[in-house]
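Peer 1: Data file upload33.pdb (PDB, C-alpha atoms) is appended below.
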ATOM      1  CA  SER A   1     -36.955  -6.089 -40.318
ATOM      2  CA  GLY A   2     -35.145  -2.801 -40.351
ATOM      3  CA  PRO A   3     -31.897  -1.134 -41.318
ATOM      4  CA  ASN A   4     -28.433  -2.619 -41.202
ATOM      5  CA  PRO A   5     -25.786  -0.657 -39.306
ATOM      6  CA  GLN A   6     -24.046   1.950 -41.433
ATOM      7  CA  TYR A   7     -20.279   2.226 -41.146
ATOM      8  CA  THR A   8     -19.017   5.434 -39.599
ATOM      9  CA  ASP A   9     -16.317   7.371 -41.451
ATOM     10  CA  LYS A  10     -13.769   6.614 -38.719
ATOM     11  CA  ALA A  11     -14.542   2.884 -38.818
ATOM     12  CA  LEU A  12     -14.138   2.872 -42.611
ATOM     13  CA  GLU A  13     -10.847   4.785 -42.410
ATOM     14  CA  ARG A  14      -9.495   2.240 -39.922
ATOM     15  CA  GLU A  15     -10.957  -0.740 -41.813
ATOM     16  CA  VAL A  16     -12.856  -2.033 -38.791
ATOM     17  CA  GLN A  17     -14.349  -5.507 -39.208
ATOM     18  CA  GLY A  18     -15.511  -8.227 -36.855
ATOM     19  CA  THR A  19     -18.399  -9.244 -34.654
ATOM     20  CA  MET A  20     -20.139  -7.147 -32.033
ATOM     21  CA  VAL A  21     -22.384  -8.527 -29.308
ATOM     22  CA  VAL A  22     -25.193  -6.260 -28.113
ATOM     23  CA  LYS A  23     -27.743  -7.187 -25.431
ATOM     24  CA  CYS A  24     -31.173  -5.614 -25.902
ATOM     25  CA  ALA A  25     -34.726  -6.043 -24.703
ATOM     26  CA  VAL A  26     -37.273  -7.054 -27.348
ATOM     27  CA  THR A  27     -40.779  -5.966 -26.340
ATOM     28  CA  THR A  28     -44.078  -7.785 -26.757
ATOM     29  CA  ASP A  29     -44.699  -5.765 -29.931
ATOM     30  CA  GLY A  30     -41.236  -6.489 -31.372
ATOM     31  CA  ARG A  31     -39.540  -3.178 -30.609
ATOM     32  CA  VAL A  32     -35.896  -3.143 -29.485
ATOM     33  CA  HIS A  33     -34.707  -0.979 -26.566
ATOM     34  CA  ASP A  34     -32.303  -0.797 -23.606
ATOM     35  CA  CYS A  35     -29.318  -1.936 -25.679
ATOM     36  CA  ARG A  36     -25.929  -2.470 -24.058
ATOM     37  CA  VAL A  37     -22.726  -3.359 -25.932
ATOM     38  CA  LEU A  38     -21.077  -6.509 -24.565
ATOM     39  CA  LYS A  39     -18.389  -6.838 -27.254
ATOM     40  CA  SER A  40     -17.437  -3.665 -29.067
ATOM     41  CA  LEU A  41     -15.747  -2.660 -32.310
ATOM     42  CA  PRO A  42     -14.026   0.730 -32.579
ATOM     43  CA  PHE A  43     -16.236   3.639 -33.684
ATOM     44  CA  MET A  44     -19.303   1.440 -34.294
ATOM     45  CA  ASP A  45     -21.178   1.175 -30.967
ATOM     46  CA  ARG A  46     -23.625   4.026 -31.521
ATOM     47  CA  ALA A  47     -24.301   3.136 -35.194
ATOM     48  CA  VAL A  48     -25.094  -0.494 -34.317
ATOM     49  CA  ILE A  49     -27.350   0.419 -31.376
ATOM     50  CA  GLU A  50     -29.251   2.965 -33.481
ATOM     51  CA  ALA A  51     -29.820   0.392 -36.250
ATOM     52  CA  LEU A  52     -30.999  -2.258 -33.765
ATOM     53  CA  GLU A  53     -33.410   0.161 -32.095
ATOM     54  CA  ARG A  54     -35.008   0.932 -35.482
ATOM     55  CA  ARG A  55     -35.616  -2.756 -36.250
ATOM     56  CA  ARG A  56     -38.754  -4.760 -35.533
ATOM     57  CA  TYR A  57     -38.807  -8.445 -34.622
ATOM     58  CA  LYS A  58     -41.421 -11.109 -34.111
ATOM     59  CA  PRO A  59     -41.853 -11.163 -30.318
ATOM     60  CA  ALA A  60     -41.002 -14.234 -28.274
ATOM     61  CA  THR A  61     -43.964 -16.175 -26.948
ATOM     62  CA  LEU A  62     -44.613 -18.182 -23.815
ATOM     63  CA  GLY A  63     -47.789 -20.212 -23.584
ATOM     64  CA  GLY A  64     -49.052 -18.544 -26.745
ATOM     65  CA  ARG A  65     -48.646 -15.014 -25.329
ATOM     66  CA  ALA A  66     -46.038 -12.483 -26.410
ATOM     67  CA  VAL A  67     -43.403 -11.783 -23.742
ATOM     68  CA  GLU A  68     -40.580  -9.271 -23.426
ATOM     69  CA  VAL A  69     -37.152 -10.907 -23.526
ATOM     70  CA  ASN A  70     -33.514  -9.920 -23.369
ATOM     71  CA  TYR A  71     -31.596 -11.043 -26.422
ATOM     72  CA  ASN A  72     -27.913 -11.019 -27.348
ATOM     73  CA  PHE A  73     -27.545  -9.865 -30.948
ATOM     74  CA  ARG A  74     -24.373 -10.918 -32.776
ATOM     75  CA  ILE A  75     -23.713  -8.302 -35.464
ATOM     76  CA  THR A  76     -20.992  -9.154 -37.983
ATOM     77  CA  LEU A  77     -19.498  -6.149 -39.739
ATOM     78  CA  LYS A  78     -17.631  -6.602 -42.995
ATOM     79  CA  LEU A  79     -16.147  -3.798 -45.057
ATOM     80  CA  PRO A  80     -18.004  -3.091 -48.294
ATOM     81  CA  ASP A  81     -16.351  -4.406 -51.460
TER      82      ASP A  81
END
Write out the structure in this file as C-alpha cells.

Peer 2:
Amino acid sequence: SGPNPQYTDKALEREVQGTMVVKCAVTTDGRVHDCRVLKSLPFMDRAVIEALERRRYKPATLGGRAVEVNYNFRITLKLPD
C-alpha cells in the first residue's frame, strides 16, 4: 500500500508515458529502500522512487520467515484523462 507516483510538471508538459523499471530492496518489515532506476522516463525518476519508498509491501518469506529481497518494480505511467 502507499502512494502512486505523481507526475512532475515537466513530464506533464512533455506528455511522458510508458513503463519504468526500478530495482529496490524490500525489507523484512515491508519497507522499500535502495532504489535504482533500470529503465527511465524523462523527468520522472525522483517522483517514482519517492513514491516507492513511501509504500509498504508484504515481505517475502523463506521457510516461513520474512527475508529481505531485491525486487524489480515495473511502473506504468499513463497521462491523466

Peer 1: For the file shown, report as an NGL selection string the outcome of the PyMOL selection byres ((chain A and resi 49-63) around 9) at residue level.

Peer 2: :A and (1-6 or 22 or 24 or 26-37 or 44-48 or 64-69 or 73)

Peer 1: At what distance in Å, to one decimal, does CA of Asn70 (chain A) lie from CA of Ser40 (chain A)?

Peer 2: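 Pair CA of Ser40 (chain A) / CA of Asn70 (chain A) returns 18.2 Å.
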
Peer 1: Would you give the centre and edge lengths, in Å to one decimal, of a box along x, y and z around the listed atoms of region 53-70 of chain A, with 3 Å added to each side, as lines of an AutoDock Vina configuration file?

Peer 2:
center_x = -41.2
center_y = -9.6
center_z = -29.8
size_x = 21.6
size_y = 27.1
size_z = 18.9

Peer 1: Residue by residue, what does the PyMOL selection byres ((chain A and resi 14) around 12) grab here? Present the result as a ChimeraX atom specification.

Peer 2: /A:7-13,15-17,41-44,79

Peer 1: How about saving the chosen residues, C-alpha atoms kept, as a JSON list (two decimals), in the frame of the given file?

Peer 2:
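Result file again.json:
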[["chain", "number", "residue", "atom", "x", "y", "z"],
["A", 7, "TYR", "CA", -20.28, 2.23, -41.15],
["A", 8, "THR", "CA", -19.02, 5.43, -39.60],
["A", 9, "ASP", "CA", -16.32, 7.37, -41.45],
["A", 10, "LYS", "CA", -13.77, 6.61, -38.72],
["A", 11, "ALA", "CA", -14.54, 2.88, -38.82],
["A", 12, "LEU", "CA", -14.14, 2.87, -42.61],
["A", 13, "GLU", "CA", -10.85, 4.78, -42.41],
["A", 15, "GLU", "CA", -10.96, -0.74, -41.81],
["A", 16, "VAL", "CA", -12.86, -2.03, -38.79],
["A", 17, "GLN", "CA", -14.35, -5.51, -39.21],
["A", 41, "LEU", "CA", -15.75, -2.66, -32.31],
["A", 42, "PRO", "CA", -14.03, 0.73, -32.58],
["A", 43, "PHE", "CA", -16.24, 3.64, -33.68],
["A", 44, "MET", "CA", -19.30, 1.44, -34.29],
["A", 79, "LEU", "CA", -16.15, -3.80, -45.06]]

Peer 1: Please write a file for chain A, taken from the block I just shared, that holds C-alpha atoms and is laid out as a JSON list (two decimals), in the first residue's frame.

Peer 2:
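Writing done, so here's decode.json:
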[["chain", "number", "residue", "atom", "x", "y", "z"],
["A", 1, "SER", "CA", 0.00, 0.00, 0.00],
["A", 2, "GLY", "CA", 1.07, 3.57, -0.48],
["A", 3, "PRO", "CA", 1.00, 6.46, -2.91],
["A", 4, "ASN", "CA", 1.16, 6.29, -6.67],
["A", 5, "PRO", "CA", 3.83, 8.40, -8.37],
["A", 6, "GLN", "CA", 2.71, 11.95, -9.08],
["A", 7, "TYR", "CA", 3.54, 13.41, -12.47],
["A", 8, "THR", "CA", 6.03, 16.25, -12.44],
["A", 9, "ASP", "CA", 5.11, 19.45, -14.28],
["A", 10, "LYS", "CA", 7.85, 18.86, -16.86],
["A", 11, "ALA", "CA", 6.67, 15.29, -17.52],
["A", 12, "LEU", "CA", 3.09, 16.53, -17.98],
["A", 13, "GLU", "CA", 4.21, 19.32, -20.33],
["A", 14, "ARG", "CA", 6.08, 16.78, -22.47],
["A", 15, "GLU", "CA", 3.30, 14.18, -22.25],
["A", 16, "VAL", "CA", 5.60, 11.48, -20.89],
["A", 17, "GLN", "CA", 4.09, 7.99, -20.78],
["A", 18, "GLY", "CA", 5.47, 4.48, -20.65],
["A", 19, "THR", "CA", 6.94, 1.93, -18.29],
["A", 20, "MET", "CA", 9.78, 2.43, -15.84],
["A", 21, "VAL", "CA", 11.73, -0.38, -14.20],
["A", 22, "VAL", "CA", 13.12, 0.32, -10.73],
["A", 23, "LYS", "CA", 15.11, -2.17, -8.64],
["A", 24, "CYS", "CA", 14.64, -1.81, -4.89],
["A", 25, "ALA", "CA", 15.22, -3.77, -1.71],
["A", 26, "VAL", "CA", 12.10, -4.77, 0.23],
["A", 27, "THR", "CA", 12.91, -5.31, 3.91],
["A", 28, "THR", "CA", 11.60, -7.95, 6.30],
["A", 29, "ASP", "CA", 9.03, -5.43, 7.55],
["A", 30, "GLY", "CA", 7.90, -4.46, 4.03],
["A", 31, "ARG", "CA", 9.72, -1.14, 3.69],
["A", 32, "VAL", "CA", 11.27, -0.19, 0.33],
["A", 33, "HIS", "CA", 14.78, 1.30, 0.09],
["A", 34, "ASP", "CA", 17.97, 1.42, -2.02],
["A", 35, "CYS", "CA", 16.06, 2.04, -5.26],
["A", 36, "ARG", "CA", 17.90, 2.26, -8.57],
["A", 37, "VAL", "CA", 16.28, 3.12, -11.91],
["A", 38, "LEU", "CA", 16.97, 0.48, -14.57],
["A", 39, "LYS", "CA", 14.65, 1.90, -17.25],
["A", 40, "SER", "CA", 13.88, 5.59, -17.01],
["A", 41, "LEU", "CA", 11.26, 8.02, -18.29],
["A", 42, "PRO", "CA", 12.12, 11.72, -18.65],
["A", 43, "PHE", "CA", 11.56, 13.87, -15.55],
["A", 44, "MET", "CA", 10.00, 11.04, -13.52],
["A", 45, "ASP", "CA", 12.87, 9.18, -11.80],
["A", 46, "ARG", "CA", 12.79, 11.04, -8.49],
["A", 47, "ALA", "CA", 8.95, 11.09, -8.27],
["A", 48, "VAL", "CA", 8.73, 7.32, -8.84],
["A", 49, "ILE", "CA", 11.49, 6.49, -6.35],
["A", 50, "GLU", "CA", 9.92, 8.72, -3.69],
["A", 51, "ALA", "CA", 6.51, 7.05, -4.17],
["A", 52, "LEU", "CA", 8.04, 3.55, -3.99],
["A", 53, "GLU", "CA", 9.97, 4.38, -0.82],
["A", 54, "ARG", "CA", 6.73, 5.51, 0.87],
["A", 55, "ARG", "CA", 4.94, 2.24, 0.07],
["A", 56, "ARG", "CA", 4.70, -0.84, 2.27],
["A", 57, "TYR", "CA", 4.58, -4.41, 0.98],
["A", 58, "LYS", "CA", 4.03, -7.84, 2.45],
["A", 59, "PRO", "CA", 7.59, -9.15, 2.91],
["A", 60, "ALA", "CA", 8.84, -12.19, 1.04],
["A", 61, "THR", "CA", 9.21, -15.33, 3.11],
["A", 62, "LEU", "CA", 11.59, -18.26, 3.05],
["A", 63, "GLY", "CA", 10.87, -21.24, 5.26],
["A", 64, "GLY", "CA", 8.13, -19.26, 6.98],
["A", 65, "ARG", "CA", 10.47, -16.39, 7.93],
["A", 66, "ALA", "CA", 10.44, -12.91, 6.41],
["A", 67, "VAL", "CA", 13.51, -12.16, 4.27],
["A", 68, "GLU", "CA", 14.84, -9.04, 2.58],
["A", 69, "VAL", "CA", 14.75, -9.29, -1.21],
["A", 70, "ASN", "CA", 15.62, -7.20, -4.23],
["A", 71, "TYR", "CA", 12.65, -6.64, -6.50],
["A", 72, "ASN", "CA", 12.24, -5.08, -9.93],
["A", 73, "PHE", "CA", 9.15, -2.87, -9.93],
["A", 74, "ARG", "CA", 7.53, -2.18, -13.31],
["A", 75, "ILE", "CA", 5.74, 1.17, -13.02],
["A", 76, "THR", "CA", 3.45, 2.09, -15.92],
["A", 77, "LEU", "CA", 2.76, 5.80, -16.24],
["A", 78, "LYS", "CA", -0.23, 6.99, -18.22],
["A", 79, "LEU", "CA", -1.27, 10.61, -18.61],
["A", 80, "PRO", "CA", -4.42, 11.55, -16.70],
["A", 81, "ASP", "CA", -7.58, 11.88, -18.79]]
